[in-house]
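Asks: Just upload-v6.csv, nothing more (CSV, C-alpha atoms):
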chain,number,residue,atom,x,y,z
C,1,MET,CA,-24.2,14.3,-39.4
C,2,THR,CA,-23.0,10.9,-38.2
C,3,LEU,CA,-21.8,9.4,-34.9
C,4,SER,CA,-18.2,10.1,-35.9
C,5,VAL,CA,-18.6,13.7,-34.6
C,6,PHE,CA,-18.6,12.3,-31.1
C,7,LEU,CA,-15.4,10.3,-31.9
C,8,TYR,CA,-13.6,13.5,-32.8
C,9,ILE,CA,-14.9,15.2,-29.6
C,10,PHE,CA,-13.6,12.2,-27.7
C,11,TRP,CA,-10.2,12.4,-29.3
C,12,ALA,CA,-10.1,16.1,-28.5
C,13,PHE,CA,-10.9,15.2,-24.8
C,14,LEU,CA,-8.2,12.5,-24.9
C,15,ALA,CA,-5.6,15.0,-26.2
C,16,VAL,CA,-6.4,17.4,-23.4
C,17,PHE,CA,-6.3,14.5,-20.9
C,18,ILE,CA,-2.9,13.4,-22.2
C,19,ILE,CA,-1.5,16.9,-21.9
C,20,PHE,CA,-2.9,17.0,-18.3
C,21,ASN,CA,-1.2,13.7,-17.6
C,22,LEU,CA,2.1,14.9,-19.0
C,23,LEU,CA,1.9,18.0,-16.7
C,24,LEU,CA,1.1,15.7,-13.8
C,25,LEU,CA,4.2,13.5,-14.7
C,26,ARG,CA,6.4,16.6,-14.8
C,27,HIS,CA,4.9,17.8,-11.5
C,28,PHE,CA,5.6,14.6,-9.7
C,29,LEU,CA,9.1,14.0,-11.2
C,30,LYS,CA,10.0,17.4,-9.7
C,31,PHE,CA,8.7,16.3,-6.3
C,32,LYS,CA,11.9,16.3,-4.2
C,33,TYR,CA,10.8,15.2,-0.7
C,34,LEU,CA,10.7,11.5,-1.2
C,35,GLY,CA,13.5,11.2,-3.7
C,36,LYS,CA,12.8,8.9,-6.6
C,37,ALA,CA,10.3,6.8,-4.5
C,38,VAL,CA,7.3,8.2,-6.4
C,39,PHE,CA,8.6,6.9,-9.8
C,40,PRO,CA,7.1,3.4,-9.6
C,41,LEU,CA,3.7,4.8,-8.8
C,42,ILE,CA,3.8,7.1,-11.8
C,43,LEU,CA,4.9,4.2,-14.0
C,44,VAL,CA,1.9,2.1,-12.8
C,45,TYR,CA,-0.4,5.0,-13.4
C,46,PHE,CA,0.8,5.5,-16.9
C,47,ILE,CA,0.7,1.8,-17.8
C,48,GLY,CA,-2.9,1.7,-16.6
C,49,PHE,CA,-3.7,4.8,-18.5
C,50,LEU,CA,-2.3,3.4,-21.8
C,51,VAL,CA,-4.1,0.0,-21.2
C,52,ILE,CA,-7.5,1.8,-20.9
C,53,ILE,CA,-6.9,3.8,-24.1
C,54,ALA,CA,-5.7,0.7,-25.9
C,55,VAL,CA,-8.7,-1.4,-24.9
C,56,ALA,CA,-11.1,1.4,-25.7
C,57,HIS,CA,-9.6,1.7,-29.2
C,58,PHE,CA,-9.9,-2.0,-29.8
C,59,PHE,CA,-13.7,-1.5,-29.5
C,60,ILE,CA,-13.7,1.9,-31.1
C,61,LEU,CA,-12.1,0.6,-34.3
C,62,LYS,CA,-14.7,-2.2,-34.4
C,63,ALA,CA,-17.7,0.0,-33.9
C,64,ASP,CA,-19.7,1.6,-36.7
C,65,TRP,CA,-19.3,5.3,-36.8
C,66,ASP,CA,-21.3,6.0,-39.9
C,67,VAL,CA,-24.7,5.8,-38.2
C,68,ALA,CA,-26.7,8.9,-38.9
C,69,LEU,CA,-27.6,10.8,-35.8
C,70,PHE,CA,-30.9,12.4,-36.9
E,1,MET,CA,9.8,-3.3,-9.9
E,2,TRP,CA,9.0,-4.4,-6.3
E,3,ARG,CA,12.7,-4.4,-5.5
E,4,TYR,CA,13.0,-0.8,-6.7
E,5,PHE,CA,10.0,0.1,-4.7
E,6,LYS,CA,11.6,-1.3,-1.5
E,7,ILE,CA,14.9,0.3,-2.2
E,8,ALA,CA,13.3,3.7,-3.0
E,9,ASN,CA,11.4,3.6,0.2
E,10,HIS,CA,14.5,3.0,2.2
E,11,HIS,CA,15.5,6.2,4.0
E,12,LYS,CA,19.2,5.7,3.2
E,13,PHE,CA,18.2,6.6,-0.4
E,14,MET,CA,16.1,9.5,0.7
E,15,TYR,CA,16.8,13.1,0.0
E,16,PHE,CA,14.9,16.3,0.6
E,17,PRO,CA,15.7,19.9,-0.3
E,18,GLY,CA,17.6,21.8,2.3
E,19,ILE,CA,19.1,18.7,4.0
E,20,GLU,CA,22.0,19.9,6.1
E,21,LYS,CA,25.6,18.6,5.9
E,22,ASP,CA,25.9,15.4,7.9
E,23,GLU,CA,22.2,15.4,8.7
E,24,LYS,CA,20.9,11.8,8.9
E,25,ILE,CA,17.4,10.6,8.1
E,26,ILE,CA,16.4,8.3,10.9
E,27,LEU,CA,12.9,7.4,9.9
E,28,LEU,CA,10.2,7.9,7.3
E,29,VAL,CA,6.7,7.2,8.4
E,30,ARG,CA,3.4,7.4,6.5
E,31,ARG,CA,-0.2,6.6,7.3
E,32,HIS,CA,-1.2,3.0,8.0
E,33,PHE,CA,-2.4,1.3,4.9
E,34,PHE,CA,-5.8,0.7,6.6
E,35,ALA,CA,-6.5,4.4,6.2
E,36,VAL,CA,-6.7,4.0,2.4
E,37,ILE,CA,-8.5,0.6,2.4
E,38,LEU,CA,-11.9,2.3,2.4
E,39,HIS,CA,-10.9,4.4,-0.7
E,40,ILE,CA,-9.7,1.2,-2.4
E,41,ILE,CA,-12.9,-0.7,-1.7
E,42,LEU,CA,-15.0,2.3,-3.0
E,43,SER,CA,-12.8,2.4,-6.1
E,44,ILE,CA,-13.4,-1.3,-6.7
E,45,VAL,CA,-17.2,-0.7,-6.4
E,46,TYR,CA,-16.9,2.2,-8.9
E,47,PHE,CA,-14.9,0.0,-11.2
E,48,LEU,CA,-17.6,-2.7,-11.3
E,49,ILE,CA,-20.5,-0.3,-12.0
E,50,PRO,CA,-20.2,-0.2,-15.9
E,51,PRO,CA,-19.8,-3.9,-16.5
E,52,VAL,CA,-22.7,-4.7,-14.0
E,53,VAL,CA,-25.0,-2.2,-15.7
E,54,LEU,CA,-24.1,-3.5,-19.2
E,55,PHE,CA,-24.6,-7.1,-18.0
E,56,LEU,CA,-28.0,-6.2,-16.6
E,57,ALA,CA,-29.0,-4.3,-19.8
E,58,LEU,CA,-27.9,-7.2,-22.0
E,59,THR,CA,-29.6,-9.8,-19.8
E,60,PHE,CA,-33.0,-8.1,-19.3
E,61,LEU,CA,-33.4,-5.3,-21.9
E,62,ILE,CA,-31.5,-6.0,-25.1
E,63,THR,CA,-30.8,-9.2,-27.0
E,64,GLY,CA,-27.3,-8.6,-28.4
E,65,PHE,CA,-24.3,-6.4,-27.6
E,66,GLU,CA,-24.1,-5.0,-31.1
E,67,GLU,CA,-27.8,-4.1,-31.0
E,68,LEU,CA,-27.4,-1.7,-28.1
E,69,PRO,CA,-28.7,1.7,-29.2
E,70,TYR,CA,-25.8,4.0,-29.9
E,71,PHE,CA,-23.3,1.3,-29.1
E,72,SER,CA,-20.4,3.4,-30.2
E,73,LEU,CA,-21.4,6.2,-27.8
E,74,ILE,CA,-21.6,3.8,-24.9
E,75,ILE,CA,-17.9,2.8,-25.6
E,76,LEU,CA,-16.8,6.4,-25.5
E,77,GLY,CA,-18.8,7.0,-22.3
E,78,ILE,CA,-17.3,4.0,-20.6
E,79,THR,CA,-13.8,5.0,-21.7
E,80,ILE,CA,-14.1,8.5,-20.3
E,81,TYR,CA,-15.6,7.0,-17.1
E,82,TYR,CA,-12.6,4.6,-16.6
E,83,LEU,CA,-10.0,7.3,-17.5
E,84,ILE,CA,-11.5,9.6,-14.7
E,85,TRP,CA,-11.8,6.6,-12.4
E,86,TRP,CA,-8.2,5.7,-12.8
E,87,LEU,CA,-7.1,9.3,-12.2
E,88,LEU,CA,-9.2,9.6,-9.0
E,89,PHE,CA,-8.0,6.2,-7.8
E,90,PHE,CA,-4.4,7.3,-8.1
E,91,LYS,CA,-5.2,10.6,-6.4
E,92,ASP,CA,-6.0,8.7,-3.2
E,93,ILE,CA,-2.9,6.5,-3.6
E,94,PHE,CA,-0.6,9.5,-4.2
E,95,ASP,CA,-2.2,11.3,-1.3
E,96,TRP,CA,-1.4,8.4,1.0
E,97,TYR,CA,2.1,7.8,-0.4
E,98,LEU,CA,3.3,11.4,-0.4
E,99,ASP,CA,1.9,12.2,3.1
E,100,ALA,CA,4.8,11.5,5.4
E,101,TRP,CA,6.9,12.4,8.4
E,102,ILE,CA,10.6,12.5,7.9
E,103,ILE,CA,12.5,12.3,11.1
E,104,THR,CA,16.1,13.3,11.0
E,105,ASP,CA,18.7,13.6,13.8
E,106,ARG,CA,17.9,17.4,13.8
E,107,ARG,CA,14.3,18.0,12.9
E,108,LEU,CA,10.9,16.7,12.0
E,109,LEU,CA,9.5,17.3,8.5
E,110,ASP,CA,5.8,17.0,7.9
E,111,VAL,CA,5.2,16.5,4.2
E,112,GLU,CA,1.5,16.8,3.5
E,113,GLN,CA,0.0,16.1,0.1
E,114,ARG,CA,-3.7,16.9,-0.6
E,115,GLY,CA,-4.8,15.8,-4.0
E,116,PHE,CA,-2.4,16.2,-6.9
E,117,PHE,CA,-1.4,19.9,-6.6
E,118,HIS,CA,-1.7,20.9,-2.9
E,119,HIS,CA,1.5,20.3,-1.1
E,120,THR,CA,2.7,21.6,2.3
E,121,VAL,CA,6.0,21.0,4.0
E,122,SER,CA,6.3,22.0,7.7
E,123,GLU,CA,9.5,21.8,9.7
E,124,LEU,CA,10.1,21.6,13.4
E,125,ARG,CA,13.6,21.5,15.0
E,126,LEU,CA,13.9,18.7,17.5
E,127,ASP,CA,15.2,21.1,20.2
E,128,LYS,CA,11.9,22.9,20.0
E,129,VAL,CA,9.8,19.8,20.6
E,130,GLN,CA,8.4,19.9,24.1
E,131,ASP,CA,6.2,16.9,24.2
E,132,VAL,CA,5.1,14.1,21.9
E,133,THR,CA,1.7,12.6,22.5
E,134,VAL,CA,0.3,9.3,21.1
E,135,GLU,CA,-3.4,8.8,20.6
E,136,ILE,CA,-4.9,5.5,19.6
E,137,LYS,CA,-8.7,5.9,19.4
E,138,GLY,CA,-11.3,3.6,18.0
E,139,PHE,CA,-11.9,-0.1,17.3
E,140,PHE,CA,-9.8,-0.5,14.1
E,141,PRO,CA,-6.8,1.6,15.3
E,142,SER,CA,-6.7,-0.5,18.4
E,143,ILE,CA,-6.9,-3.8,16.5
E,144,PHE,CA,-4.4,-2.9,13.8
E,145,HIS,CA,-2.3,-0.7,16.1
E,146,PHE,CA,-2.2,2.6,14.5
E,147,GLY,CA,-2.9,6.1,15.8
E,148,ASN,CA,-2.1,9.8,15.8
E,149,ILE,CA,1.1,11.5,17.0
E,150,TYR,CA,1.2,15.1,18.1
E,151,ALA,CA,4.4,17.0,18.6
E,152,GLN,CA,4.0,20.1,20.6
E,153,THR,CA,6.4,23.1,20.8
E,154,ALA,CA,6.8,25.4,23.7
E,155,ALA,CA,5.6,28.3,21.7
E,156,ALA,CA,2.4,26.4,21.1
E,157,VAL,CA,2.1,28.1,17.7
E,158,GLN,CA,1.4,24.9,15.8
E,159,ARG,CA,1.0,21.4,16.8
E,160,PHE,CA,2.6,18.9,14.5
E,161,THR,CA,0.2,16.1,13.7
E,162,LEU,CA,0.5,12.9,11.9
E,163,GLU,CA,-2.6,10.8,11.6
E,164,ASP,CA,-3.1,7.0,11.4
E,165,ILE,CA,0.5,6.0,11.6
E,166,PRO,CA,1.5,2.4,12.4
E,167,ASN,CA,3.1,1.6,15.7
E,168,PRO,CA,2.9,5.1,17.1
E,169,GLU,CA,4.7,4.4,20.4
E,170,ARG,CA,7.8,3.2,18.5
E,171,VAL,CA,7.8,6.4,16.5
E,172,ARG,CA,7.3,8.5,19.6
E,173,ASN,CA,10.3,6.8,21.2
E,174,ILE,CA,12.4,7.4,18.2
E,175,VAL,CA,11.5,11.1,18.1
E,176,LEU,CA,12.2,11.5,21.9
E,177,GLU,CA,15.5,9.6,21.5
E,178,ALA,CA,16.5,11.8,18.6
E,179,GLN,CA,15.5,14.8,20.6
E,180,GLU,CA,17.6,13.8,23.5
E,181,LYS,CA,20.6,13.2,21.3
E,182,ALA,CA,20.0,16.6,19.6
E,183,GLY,CA,20.7,18.1,23.0
E,184,GLN,CA,17.3,18.9,24.5
E,185,LYS,CA,17.5,19.5,28.2
E,186,THR,CA,13.9,19.5,29.3
E,187,VAL,CA,11.7,16.7,28.1
E,188,ILE,CA,8.1,16.4,29.1
E,189,TYR,CA,6.8,12.9,28.6
E,190,GLN,CA,3.1,12.2,28.2
E,191,GLY,CA,1.8,8.7,28.5
E,192,SER,CA,3.9,5.7,29.6
E,193,LEU,CA,7.4,5.2,28.4
E,194,PRO,CA,9.6,2.2,29.1
E,195,GLN,CA,12.1,3.0,31.8
E,196,LYS,CA,15.7,3.2,30.7
E,197,PRO,CA,18.1,1.0,32.5
E,198,GLN,CA,20.3,3.0,34.9
Turn this file's structure into C-alpha cells for me.
Replies:
Amino acid sequence: MTLSVFLYIFWAFLAVFIIFNLLLLRHFLKFKYLGKAVFPLILVYFIGFLVIIAVAHFFILKADWDVALF
Amino acid sequence: MWRYFKIANHHKFMYFPGIEKDEKIILLVRRHFFAVILHIILSIVYFLIPPVVLFLALTFLITGFEELPYFSLIILGITIYYLIWWLLFFKDIFDWYLDAWIITDRRLLDVEQRGFFHHTVSELRLDKVQDVTVEIKGFFPSIFHFGNIYAQTAAAVQRFTLEDIPNPERVRNIVLEAQEKAGQKTVIYQGSLPQKPQ
C-alpha cells in the first residue's frame, strides 16, 4: 500500500466538491432578485477555485506517491 | 469586469420576480461594507495559517522541504484546507452581497440571504408603512455613518429591519418620499426630518 491511495481519495473528494460547486453555480444563476449582478462574484469564485486546484496539482505531480505507507 | 459590476449594480438594470407593470425601482441598498470587514480580516488570518506553520516547521524542525515526513499528504491537506477556506470566504461575501432592500415606488422588498441556501424575501406595500425609524448605535457606526432602519406597519405583525446600511437617514427619506407619492395619508415621523419648504 502506497501514498497514492490518499491521492485517489483526494480526487474523489475533489469530484464531489466540483459537483457541489456546479450545483452552487446553478443555484445562484437562478437567483432572480438581483438580476445578473451576482454573475461577476460567481466568476471570481470559480477562477479562484481553479487556481487552487491548478497550484495544488503543480505540487502533486512533482511529489513522490510511491512511498510505502507501512 | 469592474464596469460590468457597476452596471449590474445599477437599479435600472435590476429585475425581480413579480415586478408589476410600470413599477419603478428607486433604490437598492445593502449593508455597509464595514459589516463584512471583520470576516475579511479573519479570512486573511486563516489564509496565512498554513504558510506560517510550514515556514516555522522548515525553520526550526526540518532541514528541507522535500524531507518533510509525508510531504505528499501535507500538499493534499493544504489543498483541502484552501478549497474549504475559499468556499467559506465567498459564503460571507455572497451573504453580504445578496442581503438587500429593494425600494420601488410601490413597495419594500427585503431580500435576505443566510449562507448559500437559505433565502427569504419579504414584501411590504408602501401604503402599509406607518413609521420608519433610524438607529445609529455604537462607535464605528457613528464614525462610518451606518445604522439600522426599521419600517413598522400598523398591524405590527412584523417589523421590517435592515441592519448596517450606509447613510440611513437618506434611505429613510427616500422611503417616506416614495410612501407619500404612493398615496399614504397618515405618516408618523420618528426622529428629525428636514422641513420641506412651503
Asks: In terms of the shortest atom-to-atom distance over only C-alpha atoms, which of E:Thr104, E:Ser72, E:Thr120, E:Gln113 is closest to Phe6 in chain C?
Replies: E:Ser72
Asks: Just checking: using all atoms listed in the file, which residue out of C:Val38, C:Ala56, C:Leu43, C:Val51 ends up closest to Trp11 in chain C?
Replies: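 Using all atoms listed in the file, the shortest distance to Trp11 in chain C belongs to C:Ala56.
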Asks: Please find the residues of chain C near chain E - the criterion being any atom within 10 Å, counting only C-alpha atoms - and write them as a PDB file with C-alpha atoms, in the coordinates of the input.
Replies:
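What follows is the written file part-v2.pdb:
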ATOM      1  CA  LEU C   3     -21.800   9.400 -34.900  1.00  0.00           C
ATOM      2  CA  SER C   4     -18.200  10.100 -35.900  1.00  0.00           C
ATOM      3  CA  PHE C   6     -18.600  12.300 -31.100  1.00  0.00           C
ATOM      4  CA  LEU C   7     -15.400  10.300 -31.900  1.00  0.00           C
ATOM      5  CA  ILE C   9     -14.900  15.200 -29.600  1.00  0.00           C
ATOM      6  CA  PHE C  10     -13.600  12.200 -27.700  1.00  0.00           C
ATOM      7  CA  TRP C  11     -10.200  12.400 -29.300  1.00  0.00           C
ATOM      8  CA  PHE C  13     -10.900  15.200 -24.800  1.00  0.00           C
ATOM      9  CA  LEU C  14      -8.200  12.500 -24.900  1.00  0.00           C
ATOM     10  CA  PHE C  17      -6.300  14.500 -20.900  1.00  0.00           C
ATOM     11  CA  ASN C  21      -1.200  13.700 -17.600  1.00  0.00           C
ATOM     12  CA  LEU C  24       1.100  15.700 -13.800  1.00  0.00           C
ATOM     13  CA  HIS C  27       4.900  17.800 -11.500  1.00  0.00           C
ATOM     14  CA  PHE C  28       5.600  14.600  -9.700  1.00  0.00           C
ATOM     15  CA  PHE C  31       8.700  16.300  -6.300  1.00  0.00           C
ATOM     16  CA  LYS C  32      11.900  16.300  -4.200  1.00  0.00           C
ATOM     17  CA  TYR C  33      10.800  15.200  -0.700  1.00  0.00           C
ATOM     18  CA  LEU C  34      10.700  11.500  -1.200  1.00  0.00           C
ATOM     19  CA  GLY C  35      13.500  11.200  -3.700  1.00  0.00           C
ATOM     20  CA  LYS C  36      12.800   8.900  -6.600  1.00  0.00           C
ATOM     21  CA  ALA C  37      10.300   6.800  -4.500  1.00  0.00           C
ATOM     22  CA  VAL C  38       7.300   8.200  -6.400  1.00  0.00           C
ATOM     23  CA  PHE C  39       8.600   6.900  -9.800  1.00  0.00           C
ATOM     24  CA  PRO C  40       7.100   3.400  -9.600  1.00  0.00           C
ATOM     25  CA  LEU C  41       3.700   4.800  -8.800  1.00  0.00           C
ATOM     26  CA  ILE C  42       3.800   7.100 -11.800  1.00  0.00           C
ATOM     27  CA  LEU C  43       4.900   4.200 -14.000  1.00  0.00           C
ATOM     28  CA  VAL C  44       1.900   2.100 -12.800  1.00  0.00           C
ATOM     29  CA  TYR C  45      -0.400   5.000 -13.400  1.00  0.00           C
ATOM     30  CA  PHE C  46       0.800   5.500 -16.900  1.00  0.00           C
ATOM     31  CA  GLY C  48      -2.900   1.700 -16.600  1.00  0.00           C
ATOM     32  CA  PHE C  49      -3.700   4.800 -18.500  1.00  0.00           C
ATOM     33  CA  LEU C  50      -2.300   3.400 -21.800  1.00  0.00           C
ATOM     34  CA  ILE C  52      -7.500   1.800 -20.900  1.00  0.00           C
ATOM     35  CA  ILE C  53      -6.900   3.800 -24.100  1.00  0.00           C
ATOM     36  CA  VAL C  55      -8.700  -1.400 -24.900  1.00  0.00           C
ATOM     37  CA  ALA C  56     -11.100   1.400 -25.700  1.00  0.00           C
ATOM     38  CA  HIS C  57      -9.600   1.700 -29.200  1.00  0.00           C
ATOM     39  CA  PHE C  59     -13.700  -1.500 -29.500  1.00  0.00           C
ATOM     40  CA  ILE C  60     -13.700   1.900 -31.100  1.00  0.00           C
ATOM     41  CA  LEU C  61     -12.100   0.600 -34.300  1.00  0.00           C
ATOM     42  CA  LYS C  62     -14.700  -2.200 -34.400  1.00  0.00           C
ATOM     43  CA  ALA C  63     -17.700   0.000 -33.900  1.00  0.00           C
ATOM     44  CA  ASP C  64     -19.700   1.600 -36.700  1.00  0.00           C
ATOM     45  CA  TRP C  65     -19.300   5.300 -36.800  1.00  0.00           C
ATOM     46  CA  VAL C  67     -24.700   5.800 -38.200  1.00  0.00           C
ATOM     47  CA  LEU C  69     -27.600  10.800 -35.800  1.00  0.00           C
TER      48      LEU C  69
END
Asks: Can you tell me, as JSON, numbers by chain, what residues are no more than 12 Å from Leu108 in chain E when counting only C-alpha atoms, ignoring any on the same chain fewer than 3 positions away?
Replies: {"E": [19, 23, 24, 25, 26, 27, 28, 29, 100, 101, 102, 103, 104, 105, 111, 121, 122, 123, 124, 125, 126, 127, 128, 129, 132, 150, 151, 152, 153, 159, 160, 161, 162, 171, 172, 174, 175, 176, 178, 179, 182]}
Asks: Between E:Phe34, E:Asp95, E:Asp131, E:Gly147, which is the closest to Arg114 in chain E once you count all atoms listed in the file?
Replies: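 Smallest distance to Arg114 in chain E is found for E:Asp95.
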Asks: For CA of Ile37 in chain E and CA of Ile49 in chain E, determine how far apart the two atoms are, in Å to one decimal place.
Replies: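 We find that CA of Ile37 in chain E and CA of Ile49 in chain E lie 18.8 Å from each other.
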Asks: What separation in Å, quoted to one decimal, exists between CA of Lys137 in chain E and CA of Asn167 in chain E?
Replies: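 Taking CA of Lys137 in chain E and CA of Asn167 in chain E, their separation equals 13.1 Å.
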Asks: Rounded to one decimal place, report the CA of Tyr46 in chain E-CA of Ile74 in chain E distance in Å.
Replies: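 Separation between CA of Tyr46 in chain E and CA of Ile74 in chain E: 16.8 Å.
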Asks: Would you mind completing range 24-48 of chain E so that it carries N, CA and C atoms, and writing it out as an mmCIF file, in the coordinates of the input?
Replies:
data_model
loop_
_atom_site.group_PDB
_atom_site.id
_atom_site.type_symbol
_atom_site.label_atom_id
_atom_site.label_comp_id
_atom_site.auth_asym_id
_atom_site.auth_seq_id
_atom_site.Cartn_x
_atom_site.Cartn_y
_atom_site.Cartn_z
ATOM 1 N N LYS E 24 21.321 13.202 9.232
ATOM 2 C CA LYS E 24 20.900 11.800 8.900
ATOM 3 C C LYS E 24 19.438 11.638 9.030
ATOM 4 N N ILE E 25 18.871 10.951 8.051
ATOM 5 C CA ILE E 25 17.400 10.600 8.100
ATOM 6 C C ILE E 25 17.294 9.364 8.958
ATOM 7 N N ILE E 26 16.520 9.479 10.033
ATOM 8 C CA ILE E 26 16.400 8.300 10.900
ATOM 9 C C ILE E 26 15.167 7.464 10.497
ATOM 10 N N LEU E 27 14.095 8.127 10.163
ATOM 11 C CA LEU E 27 12.900 7.400 9.900
ATOM 12 C C LEU E 27 11.960 8.123 8.922
ATOM 13 N N LEU E 28 11.271 7.354 8.123
ATOM 14 C CA LEU E 28 10.200 7.900 7.300
ATOM 15 C C LEU E 28 8.938 7.155 7.611
ATOM 16 N N VAL E 29 7.927 7.884 8.040
ATOM 17 C CA VAL E 29 6.700 7.200 8.400
ATOM 18 C C VAL E 29 5.532 7.798 7.558
ATOM 19 N N ARG E 30 4.626 6.920 7.164
ATOM 20 C CA ARG E 30 3.400 7.400 6.500
ATOM 21 C C ARG E 30 2.220 6.700 7.108
ATOM 22 N N ARG E 31 1.038 7.138 6.736
ATOM 23 C CA ARG E 31 -0.200 6.600 7.300
ATOM 24 C C ARG E 31 -0.307 5.097 7.160
ATOM 25 N N HIS E 32 -0.984 4.468 8.117
ATOM 26 C CA HIS E 32 -1.200 3.000 8.000
ATOM 27 C C HIS E 32 -2.056 2.743 6.780
ATOM 28 N N PHE E 33 -1.767 1.609 6.150
ATOM 29 C CA PHE E 33 -2.400 1.300 4.900
ATOM 30 C C PHE E 33 -3.963 1.138 5.092
ATOM 31 N N PHE E 34 -4.361 0.819 6.311
ATOM 32 C CA PHE E 34 -5.800 0.700 6.600
ATOM 33 C C PHE E 34 -6.550 1.983 6.291
ATOM 34 N N ALA E 35 -5.838 3.112 6.444
ATOM 35 C CA ALA E 35 -6.500 4.400 6.200
ATOM 36 C C ALA E 35 -6.918 4.610 4.772
ATOM 37 N N VAL E 36 -6.296 3.889 3.842
ATOM 38 C CA VAL E 36 -6.700 4.000 2.400
ATOM 39 C C VAL E 36 -7.528 2.840 1.926
ATOM 40 N N ILE E 37 -7.700 1.846 2.800
ATOM 41 C CA ILE E 37 -8.500 0.600 2.400
ATOM 42 C C ILE E 37 -9.876 1.021 1.948
ATOM 43 N N LEU E 38 -10.504 1.937 2.708
ATOM 44 C CA LEU E 38 -11.900 2.300 2.400
ATOM 45 C C LEU E 38 -11.945 2.940 0.976
ATOM 46 N N HIS E 39 -10.958 3.782 0.648
ATOM 47 C CA HIS E 39 -10.900 4.400 -0.700
ATOM 48 C C HIS E 39 -10.753 3.297 -1.763
ATOM 49 N N ILE E 40 -9.918 2.300 -1.458
ATOM 50 C CA ILE E 40 -9.700 1.200 -2.400
ATOM 51 C C ILE E 40 -10.949 0.410 -2.659
ATOM 52 N N ILE E 41 -11.645 0.100 -1.555
ATOM 53 C CA ILE E 41 -12.900 -0.700 -1.700
ATOM 54 C C ILE E 41 -13.919 0.105 -2.502
ATOM 55 N N LEU E 42 -14.028 1.411 -2.201
ATOM 56 C CA LEU E 42 -15.000 2.300 -3.000
ATOM 57 C C LEU E 42 -14.579 2.293 -4.451
ATOM 58 N N SER E 43 -13.272 2.362 -4.711
ATOM 59 C CA SER E 43 -12.800 2.400 -6.100
ATOM 60 C C SER E 43 -13.159 1.103 -6.827
ATOM 61 N N ILE E 44 -13.047 -0.032 -6.128
ATOM 62 C CA ILE E 44 -13.400 -1.300 -6.700
ATOM 63 C C ILE E 44 -14.894 -1.340 -7.089
ATOM 64 N N VAL E 45 -15.714 -0.781 -6.175
ATOM 65 C CA VAL E 45 -17.200 -0.700 -6.400
ATOM 66 C C VAL E 45 -17.422 0.140 -7.682
ATOM 67 N N TYR E 46 -16.758 1.310 -7.753
ATOM 68 C CA TYR E 46 -16.900 2.200 -8.900
ATOM 69 C C TYR E 46 -16.453 1.506 -10.203
ATOM 70 N N PHE E 47 -15.393 0.700 -10.075
ATOM 71 C CA PHE E 47 -14.900 0.000 -11.200
ATOM 72 C C PHE E 47 -15.898 -0.994 -11.785
ATOM 73 N N LEU E 48 -16.667 -1.603 -10.873
ATOM 74 C CA LEU E 48 -17.600 -2.700 -11.300
ATOM 75 C C LEU E 48 -18.928 -2.126 -11.824
#
